[in-house]
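Report on the following structure.
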Amino acid sequence: MRVLVVEDEKAIAEDVRRALDLAGYVAEVVGDGETGWFRAGVEDFSCVVLDLGLPRLDGLTVLKRLRAEGVMTPVMILTARGAWMERVEGIDAGADDYLPKPFQTEELVARVGALVRRAAGLGTPVIEAGALRIDTRRLSVTRDGRAVDLSALEFRAINYLAHHKGCVVPQSELMEHVYGGEREPDSNALEVLIGRIRRKIGADAIATRRGQGYQLGA
Amino acid sequence: MDSVKTLRCRMLLAAAACVAAVLAVAGVALVTTFERHVLELIGRDLDVRWSQLARELTFDDAGRARIEAAGDVRYATPKSGAYWQVSENGATVLRSASLEGRDLDLEEGGEARAAGRWFEADEVGGGELYVVERELTAPSGAKGRGLKLAVALDHEQIEAARRGFQWDAAFVLGLIALVLLLGAALQLGVILQPLSRLREELAGVREGRRERLGSAVPAEVAPLAEDLNRLLDAQEELLRKARERAGALAHGLKTPIAVLSAECRRLEEDGRGEVAQRLREQVCAIQTHVEREIARARARGASAALGAYVDAAGTARRLVRVMSRMPRGEQIDWRCEAPEQLMLRMDPDDFGEVIGNLLDNARKWAAGAVTLRCEAADGSARIVVEDDGPGFGSHAQPASLTAGDRESSAGLGLVIVQDVLATYGSSLWIDRAAQHGVVSFALPVKSVAKAATVQSTTSSGSQREGMRGERLAPEAGK
């Protein structure tokens, strides 16, 4: 799950990135509005955490441009300006949520999770796929009621597939959301990762669509 | 005396005084001129009478003067006001019957008498006479005898004519005064019309019907309108800058607070939990103060919100949209019951801050439903926010607004609401007797178009009974 954090204050950006990473997301940070607008517009993110007071291009303009361009990625606004009518303005501009600073990172993570789930059409933080139960809050997976021990990377992969349950996820897309767009993993790293997951949750849990991608809950 | 303070009354009084003065002078001049003309007429009448009597004068064989027919019956009527007498060498030899044997007192005549011009003389029985006395040179019997004929008319007829003229003149001048005053009033109406329009426009600005005064005012008043517009611009600019400063202050303070909060977490991760806790407490205390002071700085208040008004239902709906995206917001049944286009006299941002905080408080405590109700009556509206969570009476007030953590600072929103409402002379009421959470406040209404209930969700929320409440103490909250 890739989350783009557009925040110019390095300490806050780092704090948010670490909290999101710990919550099973792949957080990528940019420090100005222009870069944020560009990357959110051309890359695939599950959510954008957008500060309003940004250099080069303010957050509200970034948001309006993205929505005007048809980019429907969920956007959470972060701002120090917490007046209620400013929040209304943000929501009217196309934001999906609004979190005033200072905030608890736990709250930010929970709300990012809610946005990602809502975008995937999921009502609860627990996703069921056959015998599998993926708890997106506890970052845990059970099969037939038994806990499955997964690494962070493995959980990212199954979490992303669970959010797209029933859909075929292209290999390149899954790779981006597991490893992040800035890193270049080995070409067979994802296949190795999927193989490890299958050994833990069952070979039939994740189907391979040759030439298309992977599918959970077919 | 207050009515004299109006420009219209002052100008009308001044016009009335001018009209009265002018007409008084005109009246006196008219009467004087009339009297002069009447006297000239009297003089000519005396000349005619003297000539007639002179022609009637005859002498008998003994040389005694005689006038047989005087031509005017008044000469034969006692005290009629028309007299004549003939004197010879100063001694009266003949007189009209109207004199009843008395002589005319002609001693006051002086030069006019000597010159044969008319003059005034006292009448024997009181009153005044106009007299002309000239020496008789014809008929032939009169020559060399020093005969003089005097003709007199009394003053009463002049007085009667003058009195009659005075009344007539007063009536006509009164009519003229009335017309002039009506004209002045009409003129004032025309002159003051732009000022009335300006007053209406100013009321429009105050009530929010228009932003600025119009430019279509007379040149004399245009500087005043321009100054007022400049004043309004300056006030708006001042407020805008104050809000910008508040925003900048918020950004300037909240970002470091967020950084400090992040440092707290890092300290905790490094195993320095005690230091992190102390630091967190202080950060929270700073945050609480900052939130409240920034909210105060942002609030425009009634004095600054000149002519501002807010669409209550529209703003509430927009805020409910924000609430429904917040944690638990989706699970709550939000209801908004407000007449369409209910315009309240409050700055929209201030109203948003008040309703936003009340709805946010309700969101945190509601079991499943929140209702916002606007009840308009008698020029004011009561806005009620109800939730189906625990009532205020069952919850202690927050331990301290400076405690900092999220749970104990839940009352901060309500304190901010109270601060904002106080600037409008209103206050927040909390129904502590209610089983569930009920808060309300009242605001003056600008207008309401029609009664209609707007429902933000399909399910209905629970209805509450009448309010029994108390004012929110500055530190209260649930």
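Every chain in the structure tokens has a letter given in the order shown (A, B, ...), and although residue numbers restart at 1 in each chain, ligands are simply numbered from 1 in the order shown.
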Surrounding residues of Glu133 of chain B excluding itself and chain neighbours under 5 positions, 7 Å, only C-alpha atoms, as a ChimeraX atom specification | /B:113,116,148-151
Counting only C-alpha atoms, which residues of chain A come no farther than 10 Å from chain B, as a ChimeraX atom specification?
-> /A:9-16,53,79-92,95-105,107,110-111,114-115
Excluding same-chain residues fewer than 3 positions from Gln418 of chain B, what lies within 7 Å of it counting only C-alpha atoms, as a count of residues only?
-> 7
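The coordinates place atom CA of Lys364 of chain B at 27.4 Å from atom CA of Glu340 of chain B.
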Pick out the residues sitting within 12 Å of Ala131 of chain A, and hand them over as a list of chain:residue names; count only C-alpha atoms, and ignore anything fewer than 2 positions along from it in its own chain.
-> A:Ile127, A:Glu128, A:Ala129, A:Arg133, A:Ile134, A:Val141, A:Thr142, A:Arg143, A:Asp144, A:Gly145, A:Arg146, A:Ala147, A:Val148, A:Ile201, A:Gly202, A:Asp204, A:Ala205, A:Ile206, A:Leu216, A:Gly217
Output file for the residues above (N, CA and C atoms, as an mmCIF file, in the first residue's frame):
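Okay, this is what ended up in result-v9.cif:
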data_model
loop_
_atom_site.group_PDB
_atom_site.id
_atom_site.type_symbol
_atom_site.label_atom_id
_atom_site.label_comp_id
_atom_site.auth_asym_id
_atom_site.auth_seq_id
_atom_site.Cartn_x
_atom_site.Cartn_y
_atom_site.Cartn_z
ATOM 1 N N ILE A 127 -10.645 -8.030 6.706
ATOM 2 C CA ILE A 127 -11.037 -8.492 5.368
ATOM 3 C C ILE A 127 -10.986 -10.019 5.342
ATOM 4 N N GLU A 128 -12.046 -10.611 4.878
ATOM 5 C CA GLU A 128 -12.095 -12.071 4.810
ATOM 6 C C GLU A 128 -12.010 -12.517 3.348
ATOM 7 N N ALA A 129 -11.171 -13.521 3.126
ATOM 8 C CA ALA A 129 -11.046 -14.091 1.781
ATOM 9 C C ALA A 129 -10.906 -15.597 1.934
ATOM 10 N N ARG A 133 -8.386 -14.410 7.215
ATOM 11 C CA ARG A 133 -8.893 -13.175 7.830
ATOM 12 C C ARG A 133 -7.719 -12.220 7.959
ATOM 13 N N ILE A 134 -7.799 -11.107 7.267
ATOM 14 C CA ILE A 134 -6.702 -10.130 7.307
ATOM 15 C C ILE A 134 -7.178 -8.945 8.131
ATOM 16 N N VAL A 141 -2.772 -11.879 10.259
ATOM 17 C CA VAL A 141 -3.508 -12.721 9.319
ATOM 18 C C VAL A 141 -3.763 -14.065 10.006
ATOM 19 N N THR A 142 -4.980 -14.553 9.869
ATOM 20 C CA THR A 142 -5.277 -15.890 10.399
ATOM 21 C C THR A 142 -5.829 -16.749 9.271
ATOM 22 N N ARG A 143 -5.570 -18.039 9.349
ATOM 23 C CA ARG A 143 -6.150 -18.985 8.390
ATOM 24 C C ARG A 143 -6.854 -20.065 9.203
ATOM 25 N N ASP A 144 -8.118 -20.212 8.964
ATOM 26 C CA ASP A 144 -8.954 -21.134 9.735
ATOM 27 C C ASP A 144 -8.801 -20.875 11.232
ATOM 28 N N GLY A 145 -8.691 -19.646 11.602
ATOM 29 C CA GLY A 145 -8.618 -19.257 13.008
ATOM 30 C C GLY A 145 -7.224 -19.325 13.592
ATOM 31 N N ARG A 146 -6.249 -19.816 12.836
ATOM 32 C CA ARG A 146 -4.874 -19.909 13.348
ATOM 33 C C ARG A 146 -4.045 -18.755 12.797
ATOM 34 N N ALA A 147 -3.281 -18.158 13.727
ATOM 35 C CA ALA A 147 -2.468 -17.005 13.323
ATOM 36 C C ALA A 147 -1.368 -17.435 12.362
ATOM 37 N N VAL A 148 -1.129 -16.587 11.383
ATOM 38 C CA VAL A 148 -0.071 -16.845 10.406
ATOM 39 C C VAL A 148 1.024 -15.810 10.627
ATOM 40 N N ILE A 201 0.200 -19.522 3.951
ATOM 41 C CA ILE A 201 -1.265 -19.430 4.006
ATOM 42 C C ILE A 201 -1.962 -20.442 3.097
ATOM 43 N N GLY A 202 -1.183 -21.170 2.372
ATOM 44 C CA GLY A 202 -1.776 -22.148 1.473
ATOM 45 C C GLY A 202 -1.555 -21.779 0.031
ATOM 46 N N ASP A 204 -3.206 -22.375 -2.533
ATOM 47 C CA ASP A 204 -4.370 -21.999 -3.336
ATOM 48 C C ASP A 204 -4.909 -20.616 -2.999
ATOM 49 N N ALA A 205 -4.366 -19.980 -1.947
ATOM 50 C CA ALA A 205 -4.940 -18.695 -1.489
ATOM 51 C C ALA A 205 -4.722 -17.593 -2.511
ATOM 52 N N ILE A 206 -3.551 -17.575 -3.135
ATOM 53 C CA ILE A 206 -3.254 -16.537 -4.120
ATOM 54 C C ILE A 206 -3.094 -17.213 -5.478
ATOM 55 N N LEU A 216 -6.325 -12.598 -5.196
ATOM 56 C CA LEU A 216 -6.704 -13.189 -3.914
ATOM 57 C C LEU A 216 -8.216 -13.319 -3.893
ATOM 58 N N GLY A 217 -8.745 -14.442 -3.399
ATOM 59 C CA GLY A 217 -10.194 -14.607 -3.280
ATOM 60 C C GLY A 217 -10.880 -14.671 -4.610
#
Looking only at strand (DSSP E or B) from DSSP on the backbone, list the matching residues of segment 112-196 of chain A as JSON, numbers by chain.
-> {"A": [126, 127, 128, 129, 132, 133, 134, 135, 140, 141, 142, 143, 146, 147, 148, 168, 169]}
Selection from above, N, CA and C atoms, as a PDB file, in the first residue's frame, can you write it?
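Below you can see out_32.pdb, which holds the result:
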ATOM      1  N   VAL A 126     -11.358  -5.611   9.011  1.00  0.00           N
ATOM      2  CA  VAL A 126     -11.030  -7.039   8.866  1.00  0.00           C
ATOM      3  C   VAL A 126     -11.567  -7.530   7.519  1.00  0.00           C
ATOM      4  N   ILE A 127     -10.645  -8.030   6.706  1.00  0.00           N
ATOM      5  CA  ILE A 127     -11.037  -8.492   5.368  1.00  0.00           C
ATOM      6  C   ILE A 127     -10.986 -10.019   5.342  1.00  0.00           C
ATOM      7  N   GLU A 128     -12.046 -10.611   4.878  1.00  0.00           N
ATOM      8  CA  GLU A 128     -12.095 -12.071   4.810  1.00  0.00           C
ATOM      9  C   GLU A 128     -12.010 -12.517   3.348  1.00  0.00           C
ATOM     10  N   ALA A 129     -11.171 -13.521   3.126  1.00  0.00           N
ATOM     11  CA  ALA A 129     -11.046 -14.091   1.781  1.00  0.00           C
ATOM     12  C   ALA A 129     -10.906 -15.597   1.934  1.00  0.00           C
ATOM     13  N   LEU A 132      -9.107 -17.128   4.965  1.00  0.00           N
ATOM     14  CA  LEU A 132      -8.194 -16.092   5.472  1.00  0.00           C
ATOM     15  C   LEU A 132      -8.953 -14.932   6.110  1.00  0.00           C
ATOM     16  N   ARG A 133      -8.386 -14.410   7.215  1.00  0.00           N
ATOM     17  CA  ARG A 133      -8.893 -13.175   7.830  1.00  0.00           C
ATOM     18  C   ARG A 133      -7.719 -12.220   7.959  1.00  0.00           C
ATOM     19  N   ILE A 134      -7.799 -11.107   7.267  1.00  0.00           N
ATOM     20  CA  ILE A 134      -6.702 -10.130   7.307  1.00  0.00           C
ATOM     21  C   ILE A 134      -7.178  -8.945   8.131  1.00  0.00           C
ATOM     22  N   ASP A 135      -6.544  -8.737   9.303  1.00  0.00           N
ATOM     23  CA  ASP A 135      -6.898  -7.618  10.172  1.00  0.00           C
ATOM     24  C   ASP A 135      -5.952  -6.467   9.852  1.00  0.00           C
ATOM     25  N   SER A 140      -2.431  -8.410  11.289  1.00  0.00           N
ATOM     26  CA  SER A 140      -2.326  -9.859  11.510  1.00  0.00           C
ATOM     27  C   SER A 140      -3.179 -10.616  10.494  1.00  0.00           C
ATOM     28  N   VAL A 141      -2.772 -11.879  10.259  1.00  0.00           N
ATOM     29  CA  VAL A 141      -3.508 -12.721   9.319  1.00  0.00           C
ATOM     30  C   VAL A 141      -3.763 -14.065  10.006  1.00  0.00           C
ATOM     31  N   THR A 142      -4.980 -14.553   9.869  1.00  0.00           N
ATOM     32  CA  THR A 142      -5.277 -15.890  10.399  1.00  0.00           C
ATOM     33  C   THR A 142      -5.829 -16.749   9.271  1.00  0.00           C
ATOM     34  N   ARG A 143      -5.570 -18.039   9.349  1.00  0.00           N
ATOM     35  CA  ARG A 143      -6.150 -18.985   8.390  1.00  0.00           C
ATOM     36  C   ARG A 143      -6.854 -20.065   9.203  1.00  0.00           C
ATOM     37  N   ARG A 146      -6.249 -19.816  12.836  1.00  0.00           N
ATOM     38  CA  ARG A 146      -4.874 -19.909  13.348  1.00  0.00           C
ATOM     39  C   ARG A 146      -4.045 -18.755  12.797  1.00  0.00           C
ATOM     40  N   ALA A 147      -3.281 -18.158  13.727  1.00  0.00           N
ATOM     41  CA  ALA A 147      -2.468 -17.005  13.323  1.00  0.00           C
ATOM     42  C   ALA A 147      -1.368 -17.435  12.362  1.00  0.00           C
ATOM     43  N   VAL A 148      -1.129 -16.587  11.383  1.00  0.00           N
ATOM     44  CA  VAL A 148      -0.071 -16.845  10.406  1.00  0.00           C
ATOM     45  C   VAL A 148       1.024 -15.810  10.627  1.00  0.00           C
ATOM     46  N   VAL A 168      -7.667  -8.954 -10.350  1.00  0.00           N
ATOM     47  CA  VAL A 168      -6.314  -9.351 -10.736  1.00  0.00           C
ATOM     48  C   VAL A 168      -5.417  -8.123 -10.608  1.00  0.00           C
ATOM     49  N   VAL A 169      -4.379  -8.254  -9.755  1.00  0.00           N
ATOM     50  CA  VAL A 169      -3.460  -7.135  -9.526  1.00  0.00           C
ATOM     51  C   VAL A 169      -2.204  -7.383 -10.359  1.00  0.00           C
TER      52      VAL A 169
END
Please report, as a list in words, each residue of segment 60-164 of chain B to which DSSP assigns helix (DSSP H, G or I) when run on this structure's backbone.
->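 Those residues are Val73, Arg74, Tyr75, Ala76, Ala97, Ser98, Leu99, Glu107, Glu108, Gly109, Gly110, Glu111, Ala112, Arg113, Ala114, Ala115, Ser140, Gly141, Ala142, Glu156, Gln157, Ile158, Glu159, Ala160, Ala161, Arg162, Arg163 and Gly164 of chain B.
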Counting only C-alpha atoms, the option among A:Val5, A:Arg118, A:Lys200, A:Leu22 closest to Met76 of chain A =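 So, comparing all the options, the nearest one is A:Val5.
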